[in-house]
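Here is the file target09.csv (CSV, C-alpha atoms and all ligand atoms).
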chain,number,residue,atom,x,y,z
R,1,MET,CA,-14.3,-28.8,-8.4
R,2,ILE,CA,-12.0,-26.4,-10.3
R,3,GLY,CA,-12.4,-22.8,-8.9
R,4,ILE,CA,-10.7,-19.6,-9.5
R,5,LYS,CA,-9.3,-17.2,-6.9
R,6,VAL,CA,-8.0,-13.6,-7.1
R,7,ILE,CA,-4.7,-13.7,-5.3
R,8,GLY,CA,-3.1,-10.3,-6.1
R,9,LEU,CA,-3.8,-6.8,-7.4
R,10,GLY,CA,-1.6,-4.0,-8.7
R,11,LYS,CA,-1.9,-0.6,-10.2
R,12,SER,CA,0.3,2.0,-11.9
R,13,ILE,CA,-0.4,5.5,-13.2
R,14,PRO,CA,1.8,8.1,-14.9
R,15,THR,CA,3.2,10.8,-12.6
R,16,ARG,CA,1.9,13.8,-14.6
R,17,CYS,CA,-1.6,14.8,-13.5
R,18,VAL,CA,-3.5,17.1,-16.0
R,19,THR,CA,-6.5,19.2,-14.7
R,20,ASN,CA,-9.6,20.1,-16.6
R,21,ASN,CA,-8.4,23.7,-16.6
R,22,GLU,CA,-5.2,22.7,-18.4
R,23,ILE,CA,-7.3,21.0,-21.1
R,24,ALA,CA,-9.5,24.1,-21.3
R,25,SER,CA,-6.4,26.0,-22.3
R,26,LEU,CA,-6.1,23.7,-25.4
R,27,VAL,CA,-9.7,23.3,-26.6
R,28,ASP,CA,-13.0,25.1,-26.2
R,29,THR,CA,-14.3,23.5,-23.0
R,30,SER,CA,-14.4,24.3,-19.3
R,31,ASP,CA,-13.8,22.6,-16.0
R,32,GLU,CA,-17.5,23.1,-15.3
R,33,TRP,CA,-18.6,21.3,-18.5
R,34,ILE,CA,-16.3,18.3,-18.0
R,35,LYS,CA,-17.2,17.9,-14.4
R,36,THR,CA,-20.9,18.1,-14.8
R,37,ARG,CA,-21.1,16.1,-18.1
R,38,THR,CA,-18.6,13.3,-17.2
R,39,GLY,CA,-17.6,13.6,-13.5
R,40,ILE,CA,-13.9,13.9,-14.5
R,41,GLU,CA,-11.8,16.4,-12.6
R,42,LYS,CA,-8.3,15.3,-13.7
R,43,ARG,CA,-6.5,12.5,-15.4
R,44,HIS,CA,-2.9,11.1,-15.4
R,45,ILE,CA,-1.1,11.5,-18.8
R,46,ALA,CA,2.1,9.6,-19.8
R,47,VAL,CA,4.9,12.0,-20.4
R,48,THR,CA,7.8,9.6,-20.1
R,49,GLU,CA,6.0,6.3,-19.3
R,50,THR,CA,5.0,3.7,-22.0
R,51,THR,CA,2.2,1.2,-22.0
R,52,HIS,CA,4.4,-1.8,-21.3
R,53,GLU,CA,6.2,0.1,-18.5
R,54,LEU,CA,2.9,0.9,-16.7
R,55,ALA,CA,1.7,-2.7,-17.3
R,56,THR,CA,5.0,-4.0,-15.8
R,57,ARG,CA,4.7,-1.8,-12.7
R,58,SER,CA,1.2,-3.0,-12.0
R,59,ALA,CA,2.3,-6.6,-12.6
R,60,LEU,CA,5.2,-6.3,-10.1
R,61,GLU,CA,2.8,-4.9,-7.5
R,62,ALA,CA,0.3,-7.7,-8.1
R,63,LEU,CA,3.1,-10.3,-7.7
R,64,LYS,CA,4.2,-8.8,-4.4
R,65,ASP,CA,0.6,-8.7,-3.2
R,66,SER,CA,0.1,-12.4,-4.1
R,67,ASN,CA,3.5,-13.6,-2.7
R,68,LEU,CA,4.0,-15.4,-6.0
R,69,GLU,CA,7.3,-15.6,-7.9
R,70,ALA,CA,7.1,-14.5,-11.6
R,71,GLU,CA,8.5,-17.9,-12.6
R,72,ALA,CA,5.2,-19.4,-11.3
R,73,LEU,CA,3.1,-17.5,-13.8
R,74,ASP,CA,1.8,-19.7,-16.6
R,75,LEU,CA,-0.1,-17.1,-18.6
R,76,VAL,CA,0.2,-13.3,-19.1
R,77,ILE,CA,-2.6,-11.5,-21.1
R,78,VAL,CA,-2.6,-7.8,-21.6
R,79,ALA,CA,-5.8,-6.1,-22.6
R,80,THR,CA,-5.0,-2.9,-24.5
R,81,VAL,CA,-5.8,-0.9,-27.6
R,82,SER,CA,-2.7,1.3,-27.1
R,83,ALA,CA,0.2,-1.1,-27.2
R,84,ASP,CA,3.7,0.4,-27.8
R,85,THR,CA,4.3,-2.3,-30.5
R,86,ALA,CA,2.1,-4.7,-32.4
R,87,MET,CA,4.9,-7.2,-32.0
R,88,PRO,CA,6.2,-8.2,-29.7
R,89,SER,CA,3.0,-8.2,-27.6
R,90,THR,CA,2.9,-6.0,-24.5
R,91,ALA,CA,2.4,-9.2,-22.6
R,92,SER,CA,5.8,-10.6,-23.9
R,93,LEU,CA,7.5,-7.3,-22.9
R,94,VAL,CA,5.9,-7.5,-19.4
R,95,ALA,CA,6.9,-11.1,-19.0
R,96,LYS,CA,10.5,-10.3,-20.0
R,97,ALA,CA,10.7,-7.4,-17.6
R,98,ILE,CA,9.3,-9.3,-14.6
R,99,GLY,CA,11.0,-12.7,-15.3
R,100,ALA,CA,7.8,-14.7,-16.1
R,101,ASN,CA,9.9,-17.1,-18.2
R,102,HIS,CA,7.4,-19.9,-18.3
R,103,ALA,CA,4.3,-17.9,-19.2
R,104,THR,CA,2.4,-18.0,-22.5
R,105,CYS,CA,1.9,-14.4,-23.4
R,106,PHE,CA,-0.4,-12.4,-25.7
R,107,ASP,CA,-2.4,-9.2,-26.0
R,108,LEU,CA,-6.2,-8.9,-26.4
R,109,SER,CA,-8.1,-6.1,-28.0
R,110,ALA,CA,-11.6,-5.5,-26.8
R,111,ALA,CA,-11.3,-1.8,-25.8
R,112,CYS,CA,-13.0,-0.8,-22.5
R,113,SER,CA,-14.3,-4.4,-22.1
R,114,GLY,CA,-10.8,-5.8,-22.6
R,115,PHE,CA,-10.1,-6.6,-19.0
R,116,ILE,CA,-13.3,-8.7,-18.6
R,117,PHE,CA,-12.7,-10.4,-22.0
R,118,ALA,CA,-9.1,-11.2,-21.0
R,119,SER,CA,-10.2,-12.6,-17.6
R,120,GLU,CA,-12.8,-14.9,-19.4
R,121,VAL,CA,-10.1,-16.1,-21.8
R,122,ALA,CA,-7.5,-16.6,-19.0
R,123,MET,CA,-10.0,-18.5,-16.8
R,124,SER,CA,-11.2,-20.7,-19.7
R,125,LEU,CA,-7.5,-21.6,-20.4
R,126,MET,CA,-6.8,-22.2,-16.8
R,127,LYS,CA,-9.8,-24.6,-16.5
R,128,GLN,CA,-9.1,-26.4,-19.9
R,129,SER,CA,-5.3,-26.3,-20.2
R,130,GLY,CA,-4.2,-26.7,-16.6
R,131,TYR,CA,-2.6,-23.3,-16.2
R,132,GLN,CA,-2.3,-22.6,-12.5
R,133,ASN,CA,-1.5,-18.9,-12.3
R,134,ALA,CA,-2.6,-16.2,-14.8
R,135,LEU,CA,-1.7,-12.5,-14.8
R,136,VAL,CA,-4.3,-10.3,-16.5
R,137,ILE,CA,-3.5,-6.7,-17.1
R,138,GLY,CA,-5.4,-3.8,-18.5
R,139,ALA,CA,-3.0,-1.1,-19.7
R,140,GLU,CA,-3.5,2.0,-21.8
R,141,VAL,CA,-1.7,5.1,-22.9
R,142,LEU,CA,-4.6,6.5,-24.9
R,143,SER,CA,-3.3,10.1,-24.6
R,144,SER,CA,-1.0,9.2,-27.5
R,145,ARG,CA,-4.0,8.2,-29.6
R,146,LEU,CA,-6.0,11.4,-29.1
R,147,ASP,CA,-6.8,14.3,-31.4
R,148,TRP,CA,-5.9,17.1,-28.9
R,149,THR,CA,-8.1,19.5,-30.9
R,150,ASP,CA,-11.2,17.3,-30.6
R,151,ARG,CA,-13.0,18.4,-27.4
R,152,GLY,CA,-15.4,15.5,-27.7
R,153,THR,CA,-12.7,13.0,-26.9
R,154,CYS,CA,-9.6,14.7,-25.5
R,155,VAL,CA,-11.3,15.7,-22.3
R,156,ILE,CA,-12.3,12.1,-21.4
R,157,PHE,CA,-9.4,9.7,-21.6
R,158,GLY,CA,-6.5,9.1,-19.2
R,159,ASP,CA,-3.6,6.7,-18.9
R,160,GLY,CA,-2.9,3.9,-16.4
R,161,ALA,CA,-2.7,0.1,-15.8
R,162,GLY,CA,-4.2,-2.4,-13.4
R,163,ALA,CA,-3.2,-6.0,-12.9
R,164,VAL,CA,-5.0,-9.1,-11.3
R,165,ILE,CA,-3.5,-12.5,-10.7
R,166,TYR,CA,-5.9,-15.4,-10.8
R,167,GLN,CA,-5.1,-18.9,-9.4
R,168,ILE,CA,-6.8,-22.2,-9.8
R,169,SER,CA,-8.2,-23.6,-6.5
R,170,HIS,CA,-9.7,-26.9,-5.7
R,171,GLU,CA,-11.2,-25.6,-2.4
R,172,GLU,CA,-12.9,-22.4,-3.3
R,173,ASN,CA,-14.3,-20.4,-6.3
R,174,GLN,CA,-14.6,-16.6,-6.3
R,175,VAL,CA,-15.8,-16.2,-9.9
R,176,LEU,CA,-19.5,-17.0,-9.7
R,177,SER,CA,-20.4,-16.1,-13.2
R,178,ILE,CA,-19.2,-14.2,-16.3
R,179,GLU,CA,-20.5,-13.1,-19.7
R,180,ILE,CA,-18.9,-11.3,-22.6
R,181,GLY,CA,-20.6,-10.1,-25.8
R,182,THR,CA,-20.4,-7.9,-28.9
R,183,ASP,CA,-22.9,-5.9,-31.1
R,184,PRO,CA,-21.0,-5.5,-34.3
R,185,GLN,CA,-23.6,-3.3,-35.8
R,186,GLY,CA,-22.1,-0.5,-33.6
R,187,ALA,CA,-18.6,-1.4,-34.6
R,188,GLU,CA,-17.8,2.1,-36.1
R,189,LEU,CA,-19.2,4.1,-33.2
R,190,ILE,CA,-15.7,4.3,-31.6
R,191,CYS,CA,-12.7,4.0,-33.9
R,192,LEU,CA,-9.0,4.1,-33.6
R,193,PRO,CA,-7.2,3.4,-36.9
R,194,ILE,CA,-3.8,1.9,-36.7
R,195,GLN,CA,-0.9,4.0,-37.8
R,196,THR,CA,0.8,2.3,-40.8
R,197,GLU,CA,3.1,3.2,-43.6
R,198,LYS,CA,0.9,2.5,-46.6
R,199,ASN,CA,2.6,0.6,-49.5
R,200,THR,CA,3.6,2.3,-52.7
R,201,PHE,CA,0.5,0.9,-54.5
R,202,PHE,CA,-2.1,1.8,-51.9
R,203,LYS,CA,-4.9,4.1,-53.3
R,204,GLY,CA,-7.4,4.2,-50.4
R,205,GLU,CA,-8.0,6.8,-47.7
R,206,ILE,CA,-5.3,7.1,-45.1
R,207,LYS,CA,-7.0,7.6,-41.7
R,208,ARG,CA,-5.4,9.5,-38.8
R,209,PRO,CA,-4.5,7.2,-35.9
R,210,VAL,CA,-6.6,9.0,-33.4
R,211,ILE,CA,-9.8,8.1,-31.5
R,212,SER,CA,-13.2,9.2,-32.9
R,213,MET,CA,-16.4,8.6,-31.0
R,214,ASN,CA,-20.1,9.1,-31.4
R,215,GLY,CA,-20.6,9.9,-27.7
R,216,ARG,CA,-24.4,10.1,-27.7
R,217,GLN,CA,-24.9,6.7,-29.4
R,218,VAL,CA,-22.3,5.0,-27.2
R,219,TYR,CA,-24.0,6.6,-24.2
R,220,ALA,CA,-27.3,5.1,-25.3
R,221,PHE,CA,-25.8,1.7,-25.9
R,222,SER,CA,-24.0,1.7,-22.5
R,223,THR,CA,-27.0,2.7,-20.4
R,224,SER,CA,-29.2,0.1,-22.0
R,225,LYS,CA,-26.8,-2.9,-22.4
R,226,VAL,CA,-25.0,-2.6,-19.0
R,227,PRO,CA,-28.1,-3.2,-16.8
R,228,THR,CA,-29.2,-6.1,-19.0
R,229,SER,CA,-25.8,-7.8,-18.8
R,230,ILE,CA,-25.6,-7.3,-15.1
R,231,MET,CA,-29.0,-8.8,-14.5
R,232,GLN,CA,-28.0,-11.8,-16.8
R,233,VAL,CA,-24.8,-12.5,-14.8
R,234,ILE,CA,-26.6,-12.0,-11.5
R,235,SER,CA,-29.3,-14.5,-12.4
R,236,ARG,CA,-26.8,-17.0,-13.7
R,237,GLY,CA,-25.0,-16.6,-10.3
R,238,GLN,CA,-28.4,-17.5,-8.7
R,239,ILE,CA,-28.5,-14.4,-6.5
R,240,LYS,CA,-30.5,-11.2,-6.5
R,241,VAL,CA,-29.5,-7.6,-7.4
R,242,GLU,CA,-30.0,-6.5,-3.8
R,243,ASP,CA,-27.4,-9.1,-2.7
R,244,ILE,CA,-24.6,-7.3,-4.6
R,245,ASP,CA,-22.4,-5.2,-2.3
R,246,TRP,CA,-20.3,-3.4,-4.9
R,247,PHE,CA,-20.8,-2.5,-8.5
R,248,ILE,CA,-17.5,-1.7,-10.2
R,249,LEU,CA,-18.3,-0.4,-13.7
R,250,HIS,CA,-15.9,0.8,-16.4
R,251,GLN,CA,-15.3,4.5,-15.5
R,252,ALA,CA,-16.5,6.1,-18.8
R,253,ASN,CA,-18.9,8.7,-17.5
R,254,SER,CA,-20.2,9.3,-14.0
R,255,ARG,CA,-23.7,9.9,-15.5
R,256,ILE,CA,-23.6,6.4,-17.1
R,257,ILE,CA,-22.9,4.9,-13.7
R,258,ASP,CA,-25.7,6.8,-12.0
R,259,SER,CA,-28.1,5.9,-14.8
R,260,VAL,CA,-27.3,2.2,-14.4
R,261,ALA,CA,-27.9,2.5,-10.6
R,262,GLN,CA,-31.2,4.1,-11.3
R,263,ARG,CA,-32.3,1.4,-13.8
R,264,LEU,CA,-31.3,-1.4,-11.4
R,265,ASP,CA,-33.0,0.5,-8.5
R,266,VAL,CA,-29.8,0.1,-6.4
R,267,PRO,CA,-28.5,2.9,-4.1
R,268,LYS,CA,-25.8,4.9,-5.9
R,269,GLU,CA,-23.4,4.4,-2.9
R,270,ARG,CA,-22.9,0.8,-4.0
R,271,PHE,CA,-21.4,2.0,-7.3
R,272,PHE,CA,-17.6,2.6,-6.9
R,273,LYS,CA,-16.3,5.7,-8.7
R,274,ASN,CA,-12.7,7.0,-9.2
R,275,ILE,CA,-13.4,8.7,-12.6
R,276,SER,CA,-12.9,12.1,-11.0
R,277,GLU,CA,-9.2,11.2,-10.5
R,278,TYR,CA,-8.3,9.2,-13.6
R,279,GLY,CA,-10.8,9.8,-16.3
R,280,ASN,CA,-11.6,7.0,-18.7
R,281,THR,CA,-8.6,4.6,-18.8
R,282,SER,CA,-10.3,2.1,-21.1
R,283,ALA,CA,-9.1,-1.5,-20.5
R,284,ALA,CA,-7.3,-0.4,-17.3
R,285,SER,CA,-10.3,1.2,-15.6
R,286,ILE,CA,-11.8,-1.9,-14.0
R,287,PRO,CA,-8.6,-3.4,-12.5
R,288,MET,CA,-7.6,0.1,-11.3
R,289,ALA,CA,-11.0,0.6,-9.7
R,290,LEU,CA,-10.9,-2.9,-8.1
R,291,TYR,CA,-7.5,-2.0,-6.7
R,292,ASP,CA,-8.8,1.3,-5.3
R,293,VAL,CA,-11.8,-0.2,-3.7
R,294,LYS,CA,-10.1,-3.3,-2.2
R,295,ASN,CA,-9.7,-1.9,1.3
R,296,GLN,CA,-13.4,-1.4,1.5
R,297,LEU,CA,-14.3,-5.0,0.4
R,298,LYS,CA,-15.2,-7.5,3.1
R,299,SER,CA,-14.9,-11.3,2.9
R,300,GLY,CA,-18.1,-12.7,1.3
R,301,ASP,CA,-19.0,-9.4,-0.5
R,302,LYS,CA,-20.5,-10.0,-3.9
R,303,VAL,CA,-18.9,-7.7,-6.5
R,304,ILE,CA,-20.0,-7.0,-10.1
R,305,LEU,CA,-17.3,-5.9,-12.5
R,306,CYS,CA,-18.7,-4.6,-15.8
R,307,GLY,CA,-16.9,-3.2,-18.9
R,308,PHE,CA,-18.4,-1.7,-22.1
R,309,GLY,CA,-17.1,0.1,-25.1
R,310,ALA,CA,-15.8,-0.1,-28.7
R,311,GLY,CA,-16.7,-3.1,-30.7
R,312,LEU,CA,-19.4,-2.6,-29.4
R,313,THR,CA,-18.4,-4.9,-26.6
R,314,TRP,CA,-19.5,-5.6,-23.1
R,315,GLY,CA,-18.5,-8.0,-20.4
R,316,THR,CA,-19.7,-8.6,-16.8
R,317,MET,CA,-18.3,-10.8,-14.1
R,318,LEU,CA,-19.6,-11.7,-10.6
R,319,LEU,CA,-17.1,-12.2,-7.9
R,320,GLU,CA,-17.4,-13.4,-4.3
R,321,TRP,CA,-14.6,-11.5,-2.5
R,322,HIS,CA,-12.3,-13.3,0.0
W,1,LIG,O1,-15.2,4.1,-22.8
W,1,LIG,C1,-15.9,3.6,-23.9
W,1,LIG,C2,-17.3,3.9,-23.8
W,1,LIG,N1,-17.5,5.3,-23.9
W,1,LIG,C3,-18.6,5.9,-23.4
W,1,LIG,O2,-19.4,5.2,-22.8
W,1,LIG,C4,-18.8,7.3,-23.6
W,1,LIG,C5,-20.3,7.6,-23.7
W,1,LIG,N2,-20.6,9.0,-24.0
W,1,LIG,C6,-20.4,10.0,-23.2
W,1,LIG,O3,-19.9,9.8,-22.1
W,1,LIG,C7,-20.9,11.4,-23.5
W,1,LIG,O4,-21.6,11.3,-24.7
W,1,LIG,C8,-19.8,12.4,-23.8
W,1,LIG,C9,-19.1,12.8,-22.4
W,1,LIG,C10,-18.7,11.9,-24.7
W,1,LIG,C11,-20.4,13.7,-24.3
W,1,LIG,O5,-21.4,14.2,-23.4
W,1,LIG,P1,-22.8,14.5,-24.0
W,1,LIG,O6,-23.6,15.1,-22.8
W,1,LIG,O7,-23.4,13.3,-24.6
W,1,LIG,O8,-22.6,15.7,-25.0
W,1,LIG,P2,-23.1,15.7,-26.5
W,1,LIG,O9,-22.1,15.0,-27.4
W,1,LIG,O10,-24.5,15.4,-26.6
W,1,LIG,O11,-22.9,17.3,-26.8
W,1,LIG,C12,-23.7,18.3,-26.1
W,1,LIG,C13,-23.1,19.6,-26.4
W,1,LIG,C14,-22.8,19.8,-27.9
W,1,LIG,O12,-23.1,21.2,-28.1
W,1,LIG,P3,-24.5,21.6,-28.9
W,1,LIG,O13,-24.5,20.9,-30.2
W,1,LIG,O14,-25.5,21.2,-27.9
W,1,LIG,O15,-24.3,23.1,-29.0
W,1,LIG,C15,-21.4,19.6,-28.0
W,1,LIG,O16,-20.8,20.3,-29.0
W,1,LIG,O17,-21.9,19.7,-25.7
W,1,LIG,C16,-20.9,20.1,-26.6
W,1,LIG,N3,-19.6,19.5,-26.2
W,1,LIG,C17,-18.8,20.2,-25.4
W,1,LIG,N4,-18.8,21.4,-24.8
W,1,LIG,C18,-17.8,21.7,-24.0
W,1,LIG,C19,-19.1,18.3,-26.5
W,1,LIG,N5,-17.9,18.1,-25.9
W,1,LIG,C20,-17.7,19.3,-25.2
W,1,LIG,C21,-16.7,19.7,-24.3
W,1,LIG,N6,-16.8,20.9,-23.7
W,1,LIG,N7,-15.6,18.9,-24.0
Rewrite the structure of this file - the entire thing - as structure tokens.
Ligand code: UT7
Amino acid sequence: MIGIKVIGLGKSIPTRCVTNNEIASLVDTSDEWIKTRTGIEKRHIAVTETTHELATRSALEALKDSNLEAEALDLVIVATVSADTAMPSTASLVAKAIGANHATCFDLSAACSGFIFASEVAMSLMKQSGYQNALVIGAEVLSSRLDWTDRGTCVIFGDGAGAVIYQISHEENQVLSIEIGTDPQGAELICLPIQTEKNTFFKGEIKRPVISMNGRQVYAFSTSKVPTSIMQVISRGQIKVEDIDWFILHQANSRIIDSVAQRLDVPKERFFKNISEYGNTSAASIPMALYDVKNQLKSGDKVILCGFGAGLTWGTMLLEWH
């Protein structure tokens, strides 16, 4: 048998915390609206930190947690849509900083589902190519990609990074089932154009490199696709929804999480939330949430991780915690 274990977790957030009231001094919104419509009370915003620095800090903590030397890492994948550079990859910069000199490194873009996509890719490579240890990071500084005059987006996002180290095991398997998917018909519902210097001959429209989102339609997608994907993964794992101890969903909106709990007919208490503290940190949100809930997890607990977002993408993973 070739199984996969989680052997280390890490997290890093920028120092500066920005409250809803501070945002209300920039755009026409209020603490009350943001709290009731999203569950967000504050978020951390990078003032000096960069995406690869946050990613590196989370990686160093995950290495310490796993008692693994960086030299033992075979693979580093960073899920991000807010890399500091298109090249080198964030993963290469992280590997350089931590001394992962034998690792194959690349970034992966699947927005808020990025961590689950990167985990699926890492685990497939581990099983097929013999990599023993893989570091998967979700890291974002989306504050640098926001239109700070657009109240529909600037109130939602926050910055941070979370890291997980996976290891091949011949004795146990913690990843019981996983699925990732895309609905390209909704591709334009959340957009982030890339900032480029257009060539002298370019005659097309130059788009601003900031996030735009059709919140209502993405909300409708999330609340219908997430329960379906969770049920699919649970049935593949040959267990029942009532056997799941923890649901760790992408922290996009507290109301989306409550709606999924209701649709699955599962008590809300089994759905972990830290959105009030960090807002929506896109690809970083699931590994950050896993890090925050880890002290409450017991050996044998069944845990669902589920991401959803731009693409439109979704990804769900069923873990048995040890
Ligand atoms: O992470 C990737 C996946 N992303 C998601 O899953 C996000 C999904 N969408 C959402 O979470 C929600 O749609 C939002 C939080 C983005 C917006 O909440 P909503 O309840 O769907 O608001 P809405 O867009 O339907 O707007 C309702 C009203 C509008 O006013 P009118 O037209 O009813 O007068 C908006 O202009 O709320 C207004 N509004 C605001 N008011 C105060 C929109 N944003 C704000 C704001 N403050 N920040």
*May I have the residues within 6 Å of ligand LIG 1 (chain W), computed using all atoms listed in the file, as a list in words?*
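Counting only what the definition allows, namely all atoms listed in the file, the set is Thr29, Trp33, Arg37, Thr38, Cys112, Arg151, Gly152, Val155, Gly215, Arg216, Val218, Tyr219, Ser222, Ala252, Asn253, Ser282, Phe308 and Gly309 of chain R.
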*Got a sec: who's within 9 Å of Ile165 in chain R, counting only C-alpha atoms, leaving out chain neighbours fewer than 3 positions off, as a count of residues only?*
16
*asked:* Could you check the closest approach to Thr15 in chain R for each of R:Ala261, R:Ile156, R:Phe106, R:Tyr278 and tell me which residue wins, using all atoms listed in the file?
replied: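 Looking only at the distances to Thr15 in chain R, the closest residue turns out to be R:Tyr278.
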*Closest to Val293 in chain R among R:Ile248, R:Leu108, R:Leu189, R:Val260, using all atoms listed in the file?*
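Selected residue with least distance to Val293 in chain R: R:Ile248.
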*Scan for residues within 12 Å of the point (-29.8, -5.1, -22.5) in the coordinates of the file, using only C-alpha atoms, and reply as an MDAnalysis selection string.*
chainID R and resid 181:183 220:233 260 263:264 308 314:315
*asked:* I'd like the neighbourhood of Asn173 in chain R as an MDAnalysis selection string, where a residue qualifies if any of its atoms comes within 7 Å (using all atoms listed in the file), though same-chain residues fewer than 3 positions away should be ignored.
replied: chainID R and resid 3:5 169
*Which residue gives the smallest distance to Leu26 in chain R among R:Val164, R:Ile178, R:Cys154, R:Met317, with all atoms listed in the file counted?*
R:Cys154
*Pick from R:His170, R:Arg270, R:Arg43, R:Lys298, whichever lies nearest to His322 in chain R using all atoms listed in the file*: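 Among the listed residues, the smallest separation from His322 in chain R belongs to R:Lys298.
In this comparison, which uses all atoms listed in the file, the residue of R:Thr51, R:Ile40, R:Thr196, R:Lys203 approaching Asn21 in chain R most closely is R:Ile40.
For the choices R:Ser109, R:Asn280, R:Ser235, R:Ser254, the atom-to-atom distance to Val121 in chain R is smallest for R:Ser109 when using all atoms listed in the file.
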*Quote the spacing between CA of Glu22 in chain R and CA of Ala83 in chain R in Å to one decimal place.*
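CA of Glu22 in chain R sits 25.9 Å away from CA of Ala83 in chain R.
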_Straight-line distance linking CA of Pro209 in chain R with CA of Arg145 in chain R, stated in Å to one decimal_ =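 For CA of Pro209 in chain R relative to CA of Arg145 in chain R, the distance reads 6.4 Å.
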*So what do you get for CA of Ile244 in chain R versus CA of Glu320 in chain R, distance-wise?*
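Atom-to-atom, CA of Ile244 in chain R and CA of Glu320 in chain R are spaced 9.4 Å apart.
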*Neighbours of Ala118 in chain R within 8 Å (all atoms listed in the file; same-chain residues fewer than 4 positions away dropped), as number ranges by chain?*
R: 77-79, 108, 114, 122, 136
Next, write the just-selected residues to a file, as a JSON list (two decimals), in the frame of the given file, keeping C-alpha atoms as the atom set.
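Result went into part_1.json, see below:
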[["chain", "number", "residue", "atom", "x", "y", "z"],
["R", 77, "ILE", "CA", -2.60, -11.50, -21.10],
["R", 78, "VAL", "CA", -2.60, -7.80, -21.60],
["R", 79, "ALA", "CA", -5.80, -6.10, -22.60],
["R", 108, "LEU", "CA", -6.20, -8.90, -26.40],
["R", 114, "GLY", "CA", -10.80, -5.80, -22.60],
["R", 122, "ALA", "CA", -7.50, -16.60, -19.00],
["R", 136, "VAL", "CA", -4.30, -10.30, -16.50]]
*asked:* List as a list in words the protein and nucleic acid residues near Leu54 in chain R, meaning an atom at most 10 Å away when all atoms listed in the file are counted, but skip any in the same chain fewer than 3 places from it.
replied: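 With the cut-off at 10 Å, the set is Lys11, Ser12, Ile13, Pro14, Ala46, Glu49, Thr50, Thr51, Arg57, Ser58, Ala59, Val94, Ile137, Gly138, Ala139, Glu140, Val141, Asp159, Gly160, Ala161, Gly162 and Ala163 of chain R.
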*Give as a list of chain:residue names the set of residues within 10 Å of the point (-7.8, -23.3, -17.5), where distances use the file's coordinates and all atoms listed in the file.*
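Taken together, the residues in range are R:Ile2, R:Gly3, R:Ile4, R:Leu75, R:Glu120, R:Val121, R:Ala122, R:Met123, R:Ser124, R:Leu125, R:Met126, R:Lys127, R:Gln128, R:Ser129, R:Gly130, R:Tyr131, R:Gln132, R:Asn133, R:Ala134, R:Gln167, R:Ile168.
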Write out, as a CSV table (one decimal), in the frame of the given file, the residues just selected, with C-alpha atoms.
chain,number,residue,atom,x,y,z
R,2,ILE,CA,-12.0,-26.4,-10.3
R,3,GLY,CA,-12.4,-22.8,-8.9
R,4,ILE,CA,-10.7,-19.6,-9.5
R,75,LEU,CA,-0.1,-17.1,-18.6
R,120,GLU,CA,-12.8,-14.9,-19.4
R,121,VAL,CA,-10.1,-16.1,-21.8
R,122,ALA,CA,-7.5,-16.6,-19.0
R,123,MET,CA,-10.0,-18.5,-16.8
R,124,SER,CA,-11.2,-20.7,-19.7
R,125,LEU,CA,-7.5,-21.6,-20.4
R,126,MET,CA,-6.8,-22.2,-16.8
R,127,LYS,CA,-9.8,-24.6,-16.5
R,128,GLN,CA,-9.1,-26.4,-19.9
R,129,SER,CA,-5.3,-26.3,-20.2
R,130,GLY,CA,-4.2,-26.7,-16.6
R,131,TYR,CA,-2.6,-23.3,-16.2
R,132,GLN,CA,-2.3,-22.6,-12.5
R,133,ASN,CA,-1.5,-18.9,-12.3
R,134,ALA,CA,-2.6,-16.2,-14.8
R,167,GLN,CA,-5.1,-18.9,-9.4
R,168,ILE,CA,-6.8,-22.2,-9.8
